[in-house]
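S.K.: So that you have it, the file is entry.cif, and it contains mmCIF, C-alpha atoms:
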```cif
data_protein
#
loop_
_atom_site.label_atom_id
_atom_site.label_comp_id
_atom_site.auth_asym_id
_atom_site.auth_seq_id
_atom_site.Cartn_x
_atom_site.Cartn_y
_atom_site.Cartn_z
CA MET W 984 0.00 0.00 0.00
CA ASN W 985 1.47 3.34 -1.10
CA THR W 986 1.26 6.26 1.30
CA ARG W 987 0.87 9.60 -0.37
CA VAL W 988 3.05 12.40 0.96
CA THR W 989 1.07 15.62 1.07
CA PRO W 990 2.67 19.03 0.49
CA VAL W 991 2.20 19.81 4.19
CA ASP W 992 4.06 16.64 5.21
CA ARG W 993 6.80 17.37 2.68
CA ALA W 994 7.23 20.88 4.05
CA ARG W 995 7.31 19.54 7.61
CA ILE W 996 10.01 17.03 6.69
CA THR W 997 12.04 19.76 5.00
CA VAL W 998 11.78 22.03 8.02
CA THR W 999 12.81 19.18 10.35
CA ALA W 1000 15.80 18.22 8.21
CA THR W 1001 16.89 21.85 7.96
CA SER W 1002 16.56 22.32 11.73
CA LEU W 1003 18.61 19.20 12.42
CA ALA W 1004 21.30 20.30 9.96
CA VAL W 1005 21.52 23.76 11.55
CA LEU W 1006 21.57 22.23 15.02
CA GLY W 1007 24.33 19.79 14.04
CA CYS W 1008 26.46 22.57 12.56
CA ALA W 1009 25.98 24.71 15.67
CA PHE W 1010 26.99 21.77 17.88
CA LEU W 1011 30.16 21.11 15.87
CA ILE W 1012 31.13 24.79 15.90
CA ALA W 1013 30.55 25.09 19.65
CA TYR W 1014 32.51 21.93 20.50
CA SER W 1015 35.20 22.10 17.81
CA PRO W 1016 37.83 23.33 20.34
CA MET W 1017 37.07 20.32 22.51
CA LEU W 1018 37.41 17.92 19.56
CA LEU W 1019 40.72 19.48 18.54
CA GLY W 1020 41.97 19.22 22.12
CA LEU W 1021 40.99 15.56 22.29
CA MET W 1022 42.70 14.74 18.99
CA ARG W 1023 45.89 16.47 20.06
CA GLY W 1024 45.75 15.14 23.62
CA PRO W 1025 44.01 12.04 25.02
CA TRP W 1026 42.94 10.50 21.70
CA SER W 1027 46.55 10.51 20.49
CA THR W 1028 47.64 8.29 23.41
CA GLU W 1029 47.41 4.51 23.65
CA GLN W 1030 45.18 4.74 26.69
CA GLU W 1031 42.37 6.85 25.17
CA SER W 1032 42.77 6.10 21.47
CA HIS W 1033 39.43 4.25 21.41
CA GLY W 1034 37.47 7.52 21.84
CA PRO W 1035 36.74 8.13 18.12
CA LEU W 1036 35.63 4.52 17.73
CA ILE W 1037 33.11 5.01 20.54
CA ILE W 1038 31.61 8.01 18.77
CA ALA W 1039 31.48 6.09 15.48
CA ALA W 1040 29.76 3.15 17.17
CA SER W 1041 27.15 5.45 18.73
CA LEU W 1042 26.42 7.03 15.35
CA TRP W 1043 26.10 3.56 13.83
CA CYS W 1044 23.55 2.59 16.49
CA VAL W 1045 21.49 5.66 15.63
CA TRP W 1046 21.67 4.89 11.91
CA HIS W 1047 20.84 1.23 12.49
CA ALA W 1048 17.71 2.17 14.47
CA ARG W 1049 16.55 4.89 12.05
CA ALA W 1050 13.40 2.98 11.01
CA ARG W 1051 12.31 2.59 14.63
CA LEU W 1052 13.15 6.21 15.42
CA GLN W 1053 10.99 7.47 12.55
CA SER W 1054 7.94 5.70 13.99
CA ILE W 1055 8.20 7.43 17.38
CA ASP W 1056 5.69 10.18 18.12
CA LEU W 1057 7.43 13.48 18.76
CA ARG W 1058 6.43 15.01 22.09
CA ALA W 1059 8.69 17.95 22.76
CA ALA W 1060 9.55 18.56 26.42
CA TYR W 1061 10.59 22.21 26.26
CA VAL W 1062 10.97 22.87 29.98
CA CYS W 1063 13.16 19.84 30.72
CA GLY W 1064 14.98 20.27 27.43
CA TRP W 1065 15.91 23.90 28.10
CA ALA W 1066 16.95 23.05 31.66
CA VAL W 1067 19.30 20.25 30.54
CA LEU W 1068 20.60 22.27 27.57
CA LEU W 1069 21.44 25.33 29.68
CA SER W 1070 23.10 23.07 32.27
CA GLY W 1071 25.24 21.52 29.56
CA LEU W 1072 26.22 24.90 28.13
CA PHE W 1073 27.07 26.24 31.59
CA LEU W 1074 29.22 23.18 32.27
CA MET W 1075 30.92 23.73 28.90
CA PHE W 1076 31.75 27.31 29.91
CA LEU W 1077 33.25 26.22 33.23
CA ALA W 1078 35.17 23.30 31.72
CA ARG W 1079 36.61 25.37 28.87
CA THR W 1080 37.75 28.18 31.11
CA GLN W 1081 39.45 25.66 33.40
CA GLY W 1082 40.77 23.46 30.56
CA VAL W 1083 39.08 20.24 31.76
CA LEU W 1084 38.36 18.10 28.67
CA SER W 1085 36.55 15.40 30.63
CA ALA W 1086 33.97 17.84 32.00
CA GLU W 1087 33.59 19.48 28.59
CA PHE W 1088 32.84 16.11 26.99
CA LEU W 1089 30.21 15.49 29.67
CA SER W 1090 28.71 18.88 28.83
CA ALA W 1091 28.47 17.77 25.19
CA ILE W 1092 26.44 14.73 26.28
CA LEU W 1093 24.14 16.95 28.34
CA THR W 1094 23.72 19.26 25.36
CA ILE W 1095 22.71 16.34 23.15
CA ILE W 1096 20.18 15.17 25.74
CA GLY W 1097 18.73 18.68 26.03
CA CYS W 1098 18.35 19.03 22.26
CA VAL W 1099 16.66 15.62 21.98
CA LEU W 1100 14.17 16.59 24.69
CA MET W 1101 13.43 19.94 23.08
CA PHE W 1102 12.85 18.53 19.60
CA ALA W 1103 11.41 15.06 20.27
CA GLY W 1104 10.75 14.54 23.98
CA PHE W 1105 11.23 11.60 26.33
CA PRO W 1106 10.07 8.81 23.95
CA MET W 1107 12.91 9.66 21.57
CA LEU W 1108 15.37 9.99 24.45
CA ARG W 1109 14.45 6.50 25.68
CA ALA W 1110 15.02 5.13 22.19
CA LEU W 1111 18.42 6.86 22.05
CA ALA W 1112 19.41 5.89 25.60
CA PHE W 1113 22.11 3.43 24.55
CA PRO W 1114 23.82 5.51 21.82
CA VAL W 1115 23.89 8.56 24.10
CA GLY W 1116 24.95 6.62 27.20
CA PHE W 1117 27.60 4.74 25.23
CA LEU W 1118 29.38 8.06 24.67
CA LEU W 1119 30.44 7.96 28.33
CA PHE W 1120 33.15 5.46 27.34
CA ALA W 1121 34.72 8.20 25.20
CA VAL W 1122 35.06 10.59 28.15
CA PRO W 1123 38.77 10.89 29.01
CA ALA W 1124 39.40 9.54 32.48
CA PRO W 1125 40.88 12.07 34.95
CA ASP W 1126 44.58 11.63 35.64
CA TRP W 1127 44.09 11.32 39.40
CA ALA W 1128 41.61 8.47 38.93
CA MET W 1129 43.86 6.68 36.45
CA ASP W 1130 46.88 6.99 38.75
CA ALA W 1131 44.92 5.61 41.70
CA VAL W 1132 43.89 2.50 39.75
CA THR W 1133 46.94 2.06 37.51
CA LEU W 1134 49.62 1.82 40.21
CA PRO W 1135 48.15 -1.24 42.03
CA LEU W 1136 47.64 -3.00 38.69
CA LYS W 1137 51.23 -2.33 37.63
CA VAL W 1138 52.57 -3.66 40.92
CA ALA W 1139 50.36 -6.77 40.77
CA ILE W 1140 51.40 -7.56 37.19
CA SER W 1141 55.08 -6.98 38.03
CA ASN W 1142 54.82 -9.31 41.04
CA GLY W 1143 53.17 -12.03 38.99
CA VAL W 1144 55.71 -11.86 36.15
CA THR W 1145 58.67 -11.79 38.55
CA ARG W 1146 57.46 -14.77 40.58
CA LEU W 1147 56.71 -16.83 37.49
CA LEU W 1148 60.08 -16.22 35.87
CA TYR W 1149 61.94 -16.66 39.17
CA ALA W 1150 60.28 -20.04 39.59
CA GLY W 1151 61.46 -20.86 36.06
CA GLY W 1152 65.09 -20.17 36.97
CA PHE W 1153 65.54 -16.77 35.33
CA PRO W 1154 67.89 -14.20 36.96
CA ILE W 1155 65.15 -11.70 37.79
CA ALA W 1156 64.43 -9.27 40.61
CA GLN W 1157 61.82 -6.61 41.25
CA ASP W 1158 61.58 -3.27 43.01
CA GLY W 1159 58.03 -1.94 42.79
CA VAL W 1160 57.30 -1.55 39.08
CA MET W 1161 60.98 -1.88 38.12
CA ILE W 1162 61.96 -5.36 36.89
CA THR W 1163 65.62 -6.33 36.60
CA ILE W 1164 66.38 -9.36 34.43
CA GLY W 1165 69.99 -10.15 33.58
CA PRO W 1166 71.76 -6.88 32.73
CA TYR W 1167 68.54 -5.02 31.88
CA GLU W 1168 66.15 -2.90 33.93
CA LEU W 1169 62.57 -2.64 32.70
CA LEU W 1170 59.95 -0.16 33.88
CA VAL W 1171 56.34 -1.33 33.72
CA ARG W 1172 54.59 1.68 32.25
CA ASN W 1173 50.97 2.76 32.52
CA ALA W 1174 50.19 1.25 29.13
CA CYS W 1175 51.12 -2.18 30.50
CA SER W 1176 48.96 -1.87 33.60
CA GLY W 1177 45.82 -3.09 31.85
CA MET W 1178 43.68 0.03 32.24
CA ASN W 1179 43.70 0.87 28.55
CA SER W 1180 42.61 -2.65 27.68
CA ILE W 1181 40.03 -2.66 30.47
CA LEU W 1182 38.42 0.54 29.20
CA ALA W 1183 38.49 -0.49 25.55
CA LEU W 1184 37.33 -4.06 26.21
CA SER W 1185 34.57 -2.85 28.51
CA ALA W 1186 33.29 -0.59 25.74
CA ILE W 1187 33.48 -3.44 23.23
CA GLY W 1188 31.75 -5.76 25.69
CA VAL W 1189 28.87 -3.34 26.26
CA PHE W 1190 28.46 -2.76 22.52
CA TYR W 1191 28.66 -6.50 21.79
CA ALA W 1192 26.12 -7.35 24.48
CA TYR W 1193 23.73 -4.63 23.32
CA VAL W 1194 23.84 -5.54 19.65
CA LEU W 1195 23.91 -9.35 19.87
CA ARG W 1196 22.80 -10.35 23.36
CA ARG W 1197 20.00 -7.98 24.35
CA ASP W 1198 17.56 -10.89 24.70
CA GLN W 1199 19.87 -12.84 27.05
CA ARG W 1200 20.65 -10.52 29.95
CA TRP W 1201 22.39 -13.12 32.10
CA ARG W 1202 24.76 -13.88 29.25
CA ALA W 1203 25.43 -10.19 28.64
CA VAL W 1204 26.17 -9.62 32.34
CA LEU W 1205 28.64 -12.53 32.47
CA LEU W 1206 30.41 -11.24 29.38
CA LEU W 1207 30.76 -7.79 30.91
CA LEU W 1208 32.07 -9.21 34.19
CA ALA W 1209 34.70 -11.18 32.28
CA THR W 1210 36.21 -8.15 30.53
CA VAL W 1211 38.31 -7.04 33.53
CA PRO W 1212 40.05 -10.39 34.25
CA ILE W 1213 40.55 -11.01 30.52
CA ALA W 1214 42.16 -7.59 30.08
CA ILE W 1215 44.44 -8.06 33.10
CA ALA W 1216 45.45 -11.55 31.91
CA ALA W 1217 46.25 -10.20 28.44
CA ASN W 1218 48.48 -7.45 29.84
CA PHE W 1219 50.18 -9.97 32.14
CA LEU W 1220 51.11 -11.99 29.07
CA ARG W 1221 52.26 -8.81 27.33
CA VAL W 1222 54.65 -7.87 30.14
CA LEU W 1223 55.88 -11.46 30.32
CA ALA W 1224 56.58 -11.48 26.59
CA LEU W 1225 58.40 -8.13 26.70
CA VAL W 1226 60.60 -9.23 29.60
CA LEU W 1227 61.55 -12.43 27.77
CA ILE W 1228 62.25 -10.49 24.57
CA ALA W 1229 64.57 -8.14 26.47
CA TYR W 1230 66.37 -11.06 28.13
CA TYR W 1231 66.99 -13.07 24.96
CA TRP W 1232 67.31 -10.38 22.24
CA GLY W 1233 68.12 -7.17 24.06
CA ILE W 1234 66.26 -4.14 25.29
CA ASP W 1235 66.60 -2.25 22.00
CA LEU W 1236 64.33 -4.70 20.22
CA MET W 1237 61.75 -4.51 23.02
CA GLU W 1238 61.55 -0.72 22.95
CA GLY W 1239 61.04 -0.49 19.21
CA ALA W 1240 58.00 -1.16 17.09
CA LEU W 1241 57.71 -4.58 18.70
CA HIS W 1242 56.44 -2.98 21.92
CA GLY W 1243 53.40 -1.56 20.18
CA LEU W 1244 52.94 -4.72 18.14
CA THR W 1245 52.69 -6.86 21.27
CA GLY W 1246 49.99 -4.55 22.60
CA ILE W 1247 47.93 -4.94 19.42
CA VAL W 1248 48.41 -8.71 19.26
CA LEU W 1249 47.49 -9.27 22.90
CA PHE W 1250 44.49 -6.95 22.64
CA LEU W 1251 43.25 -9.01 19.69
CA ALA W 1252 43.92 -12.15 21.72
CA ALA W 1253 41.85 -10.75 24.60
CA LEU W 1254 39.08 -9.93 22.16
CA GLY W 1255 39.29 -13.49 20.86
CA LEU W 1256 38.97 -14.84 24.39
CA PHE W 1257 35.89 -12.68 24.82
CA VAL W 1258 34.29 -14.21 21.70
CA VAL W 1259 35.26 -17.73 22.79
CA LEU W 1260 33.69 -17.12 26.20
CA ASP W 1261 30.49 -15.96 24.51
CA TRP W 1262 30.46 -19.13 22.41
CA ALA W 1263 31.03 -21.28 25.51
CA LEU W 1264 28.17 -19.59 27.37
CA GLY W 1265 25.92 -20.15 24.37
CA PHE W 1266 26.93 -23.81 24.20
CA LEU W 1267 26.23 -24.33 27.91
CA SER W 1268 22.87 -22.56 27.65
CA ARG W 1269 21.77 -24.89 24.84
CA ARG W 1270 22.64 -28.17 26.56
CA PRO W 1271 19.99 -28.05 29.35
CA THR W 1272 17.36 -27.08 26.80
CA ARG W 1273 18.08 -30.14 24.74
CA SER W 1274 18.07 -32.45 27.74
CA ARG W 1275 14.73 -31.11 28.94
CA SER W 1276 13.20 -31.46 25.52
CA GLU W 1277 14.41 -35.04 25.28
CA SER W 1278 13.09 -35.86 28.76
CA THR W 1279 9.58 -34.73 27.81
CA LEU W 1280 9.34 -37.17 24.92
CA PRO W 1281 6.91 -40.05 25.52
CA PRO W 1282 8.51 -43.42 26.26
CA ARG W 1283 9.12 -45.56 23.22
CA ALA W 1284 6.56 -48.28 22.77
CA ILE W 1285 7.99 -51.79 23.01
CA ALA W 1286 6.40 -54.38 20.81
CA PRO W 1287 5.34 -57.52 22.68
CA THR W 1288 7.45 -60.53 21.90
CA ALA W 1289 5.90 -63.86 21.05
CA PRO W 1290 6.37 -66.58 23.64
CA LYS W 1291 8.96 -69.15 22.81
CA SER W 1292 7.64 -72.57 21.99
#
```
Could you render the structure as structure tokens?
M.R.:
Amino acid sequence: MNTRVTPVDRARITVTATSLAVLGCAFLIAYSPMLLGLMRGPWSTEQESHGPLIIAASLWCVWHARARLQSIDLRAAYVCGWAVLLSGLFLMFLARTQGVLSAEFLSAILTIIGCVLMFAGFPMLRALAFPVGFLLFAVPAPDWAMDAVTLPLKVAISNGVTRLLYAGGFPIAQDGVMITIGPYELLVRNACSGMNSILALSAIGVFYAYVLRRDQRWRAVLLLLATVPIAIAANFLRVLALVLIAYYWGIDLMEGALHGLTGIVLFLAALGLFVVLDWALGFLSRRPTRSRSESTLPPRAIAPTAPKS
């Protein structure tokens, strides 16, 4: 059945598209200093380099749900929208004057929420809850919070690597996050603490669970809980590999391109473990279902045997 588009509807669509285009341009102009600061600062580091991917994934979620979004009735909430929008703009002013990129990124999220409420209301905001909330993974973590969490992880990984290699007969010693093996001294940096992998894998786990496992909440929760130990285990193997490379082939080889390559390889390995765990959970969830279905089958009829003569 063909639906005829009246001139009034066509004009309304044109006005809406024009308003969204103007709003998008105004948002980019207002937050262009923040984006430039992120590209020159946190997003250029190994720890926060996943930020642009988070934004791209959020935009993909919006595009993927475009058919469902078009069917939502628009009920503008002007009062709440203006309140949230002005709060976001005020936070942007404070964050920019103080040079706090994390707070400015949070203000951008508040601004998006305020605009959605003003133009479409709470039904649209509920439909966009995941793409907007997923942007929180792109917020650069404050340095004081990262230092408080990174140092214990570095010490724990250093202890584990030192004990394992000492038990294997290697000439190794440790002083905090400084590992001495043979004639070389190695410093376990922040990148090897596991926090960058924890943040990136947590974002991937949330996105994976939302896209593929929304109907199985218990499975999604288990996958999310497994991201932290998987990330720590991957970085443990990375530090172990780098220490062995320095011992056998020298510290120059370890500090070159191979250092970054081990990070990429072990991150992909952690991601592979995440997928394998998802497959294992799916396999275990199917086994009880099959057993119950087989137990409900009626007993097989046994044909009577003729008496022996």
S.K.: Have a look at W:Trp1046, W:Phe1219, W:Phe1010, W:Tyr1231 and name the one nearest to Ile1092 of chain W; count all atoms listed in the file.
M.R.: W:Phe1010
S.K.: If I put a ball of radius 9 Å at (13.8, 13.3, 22.3) in the file's coordinates, which residues poke into it when counting all atoms listed in the file, written as a ChimeraX atom specification?
M.R.: /W:1057-1060,1064,1096-1111
S.K.: Skip Pro1016 of chain W itself and residues of its chain fewer than 5 positions away, then list as a list in words all residues within 10 Å of it, counting all atoms listed in the file.
M.R.: Leu1011, Leu1021, Met1022, Arg1079 and Leu1084 of chain W
S.K.: Just how far from atom CA of Leu1170 of chain W is atom CA of Pro1135 of chain W, in Å to one decimal?
M.R.: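 Straight-line distance from atom CA of Pro1135 of chain W to atom CA of Leu1170 of chain W works out to 14.4 Å.
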S.K.: What's the separation between atom CA of Leu1148 of chain W and atom CA of Leu1249 of chain W, in Å to one decimal place?
M.R.: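 The value is 19.4 Å.
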S.K.: I'd like the residues picked by the PyMOL selection byres ((chain W and resi 1255) around 12) written out as a list in words, using the chain letters and numbers from the file.
M.R.: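 Going through the file, the PyMOL selection byres ((chain W and resi 1255) around 12) ends up selecting Leu1184, Ile1187, Gly1188, Thr1210, Ile1213, Ala1214, Ala1217, Val1248, Leu1249, Phe1250, Leu1251, Ala1252, Ala1253, Leu1254, Leu1256, Phe1257, Val1258, Val1259, Leu1260, Asp1261 and Trp1262 of chain W.
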S.K.: Grab the atom CA of Ala1066 of chain W to atom CA of Ser1041 of chain W distance for me, in Å with one decimal place.
M.R.: 24.1 Å
S.K.: For a quick check of understanding, using all atoms listed in the file, which of W:Thr1145, W:Val1189, W:Phe1266, W:Ala1183 has the smallest distance to Val1226 of chain W?
M.R.: W:Thr1145
S.K.: For Ala1156 of chain W, work out the shell of residues within 10 Å, counting only C-alpha atoms and skipping chain neighbours fewer than 4 positions away, then give it as a list in words.
M.R.: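 Skipping anything fewer than 4 positions along the chain leaves Ser1141, Asn1142, Thr1145, Arg1146, Leu1148, Tyr1149, Met1161, Ile1162, Thr1163, Ile1164, Gly1165 and Glu1168 of chain W.
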S.K.: Which residues, named as in the file, does the PyMOL selection byres ((chain W and resi 1124-1132) around 9) pick out? Answer as a PyMOL selection string.
M.R.: chain W and resi 1031+1083+1085+1121-1123+1133-1136+1173+1178
S.K.: When the PyMOL selection byres ((chain W and resi 1037) around 8) is applied to the file above, which residues end up in the set, as a list in words?
M.R.: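 Those residues are His1033, Gly1034, Pro1035, Leu1036, Ile1038, Ala1039, Ala1040, Ser1041, Phe1117, Leu1118, Phe1120, Ala1121 and Ala1186 of chain W.
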S.K.: Looking at W:Gln1199, W:Leu1068, W:Ala1112, W:Leu1089, which one is nearest to Leu1052 of chain W, with distances taken over all atoms listed in the file?
M.R.: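 Once distances to Leu1052 of chain W are computed over all atoms listed in the file, the minimum belongs to W:Ala1112.
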S.K.: Can we get segment 1149-1172 of chain W of that structure written down with N, CA and C atoms, as a PDB file, in the first residue's frame?
M.R.:
```
ATOM      1  N   TYR W1149      61.005 -16.208  38.134  1.00  0.00           N
ATOM      2  CA  TYR W1149      61.944 -16.665  39.173  1.00  0.00           C
ATOM      3  C   TYR W1149      61.772 -18.162  39.436  1.00  0.00           C
ATOM      4  N   ALA W1150      60.524 -18.605  39.429  1.00  0.00           N
ATOM      5  CA  ALA W1150      60.285 -20.038  39.591  1.00  0.00           C
ATOM      6  C   ALA W1150      60.817 -20.824  38.401  1.00  0.00           C
ATOM      7  N   GLY W1151      60.906 -20.189  37.232  1.00  0.00           N
ATOM      8  CA  GLY W1151      61.458 -20.864  36.056  1.00  0.00           C
ATOM      9  C   GLY W1151      62.961 -20.794  35.960  1.00  0.00           C
ATOM     10  N   GLY W1152      63.630 -20.191  36.951  1.00  0.00           N
ATOM     11  CA  GLY W1152      65.088 -20.170  36.970  1.00  0.00           C
ATOM     12  C   GLY W1152      65.725 -18.974  36.300  1.00  0.00           C
ATOM     13  N   PHE W1153      64.985 -17.953  35.972  1.00  0.00           N
ATOM     14  CA  PHE W1153      65.541 -16.765  35.329  1.00  0.00           C
ATOM     15  C   PHE W1153      66.174 -15.845  36.376  1.00  0.00           C
ATOM     16  N   PRO W1154      67.260 -15.173  36.034  1.00  0.00           N
ATOM     17  CA  PRO W1154      67.887 -14.201  36.964  1.00  0.00           C
ATOM     18  C   PRO W1154      67.087 -12.901  36.990  1.00  0.00           C
ATOM     19  N   ILE W1155      66.081 -12.820  37.806  1.00  0.00           N
ATOM     20  CA  ILE W1155      65.152 -11.702  37.786  1.00  0.00           C
ATOM     21  C   ILE W1155      64.930 -11.199  39.198  1.00  0.00           C
ATOM     22  N   ALA W1156      64.739  -9.903  39.330  1.00  0.00           N
ATOM     23  CA  ALA W1156      64.432  -9.268  40.610  1.00  0.00           C
ATOM     24  C   ALA W1156      63.464  -8.123  40.335  1.00  0.00           C
ATOM     25  N   GLN W1157      62.862  -7.625  41.400  1.00  0.00           N
ATOM     26  CA  GLN W1157      61.819  -6.608  41.248  1.00  0.00           C
ATOM     27  C   GLN W1157      61.913  -5.599  42.379  1.00  0.00           C
ATOM     28  N   ASP W1158      61.678  -4.350  42.042  1.00  0.00           N
ATOM     29  CA  ASP W1158      61.579  -3.268  43.014  1.00  0.00           C
ATOM     30  C   ASP W1158      60.402  -2.392  42.602  1.00  0.00           C
ATOM     31  N   GLY W1159      59.225  -2.671  43.176  1.00  0.00           N
ATOM     32  CA  GLY W1159      58.026  -1.940  42.787  1.00  0.00           C
ATOM     33  C   GLY W1159      57.603  -2.296  41.374  1.00  0.00           C
ATOM     34  N   VAL W1160      57.642  -1.302  40.474  1.00  0.00           N
ATOM     35  CA  VAL W1160      57.301  -1.551  39.077  1.00  0.00           C
ATOM     36  C   VAL W1160      58.548  -1.635  38.208  1.00  0.00           C
ATOM     37  N   MET W1161      59.717  -1.727  38.844  1.00  0.00           N
ATOM     38  CA  MET W1161      60.982  -1.881  38.121  1.00  0.00           C
ATOM     39  C   MET W1161      61.406  -3.347  38.171  1.00  0.00           C
ATOM     40  N   ILE W1162      61.565  -3.959  37.000  1.00  0.00           N
ATOM     41  CA  ILE W1162      61.956  -5.358  36.886  1.00  0.00           C
ATOM     42  C   ILE W1162      63.372  -5.409  36.340  1.00  0.00           C
ATOM     43  N   THR W1163      64.232  -6.139  37.033  1.00  0.00           N
ATOM     44  CA  THR W1163      65.620  -6.335  36.600  1.00  0.00           C
ATOM     45  C   THR W1163      65.789  -7.789  36.188  1.00  0.00           C
ATOM     46  N   ILE W1164      66.149  -8.005  34.937  1.00  0.00           N
ATOM     47  CA  ILE W1164      66.383  -9.357  34.433  1.00  0.00           C
ATOM     48  C   ILE W1164      67.708  -9.359  33.681  1.00  0.00           C
ATOM     49  N   GLY W1165      68.660 -10.156  34.169  1.00  0.00           N
ATOM     50  CA  GLY W1165      69.988 -10.154  33.579  1.00  0.00           C
ATOM     51  C   GLY W1165      70.616  -8.782  33.723  1.00  0.00           C
ATOM     52  N   PRO W1166      71.150  -8.222  32.649  1.00  0.00           N
ATOM     53  CA  PRO W1166      71.763  -6.879  32.728  1.00  0.00           C
ATOM     54  C   PRO W1166      70.785  -5.740  32.453  1.00  0.00           C
ATOM     55  N   TYR W1167      69.501  -6.035  32.297  1.00  0.00           N
ATOM     56  CA  TYR W1167      68.539  -5.017  31.876  1.00  0.00           C
ATOM     57  C   TYR W1167      67.582  -4.663  33.009  1.00  0.00           C
ATOM     58  N   GLU W1168      67.173  -3.394  33.020  1.00  0.00           N
ATOM     59  CA  GLU W1168      66.147  -2.905  33.929  1.00  0.00           C
ATOM     60  C   GLU W1168      64.948  -2.429  33.112  1.00  0.00           C
ATOM     61  N   LEU W1169      63.787  -2.936  33.449  1.00  0.00           N
ATOM     62  CA  LEU W1169      62.572  -2.637  32.704  1.00  0.00           C
ATOM     63  C   LEU W1169      61.570  -1.967  33.626  1.00  0.00           C
ATOM     64  N   LEU W1170      60.973  -0.888  33.134  1.00  0.00           N
ATOM     65  CA  LEU W1170      59.947  -0.162  33.876  1.00  0.00           C
ATOM     66  C   LEU W1170      58.585  -0.513  33.299  1.00  0.00           C
ATOM     67  N   VAL W1171      57.702  -1.009  34.152  1.00  0.00           N
ATOM     68  CA  VAL W1171      56.341  -1.326  33.720  1.00  0.00           C
ATOM     69  C   VAL W1171      55.563  -0.024  33.649  1.00  0.00           C
ATOM     70  N   ARG W1172      55.243   0.395  32.445  1.00  0.00           N
ATOM     71  CA  ARG W1172      54.588   1.685  32.248  1.00  0.00           C
ATOM     72  C   ARG W1172      53.083   1.567  32.448  1.00  0.00           C
TER      73      ARG W1172
END
```
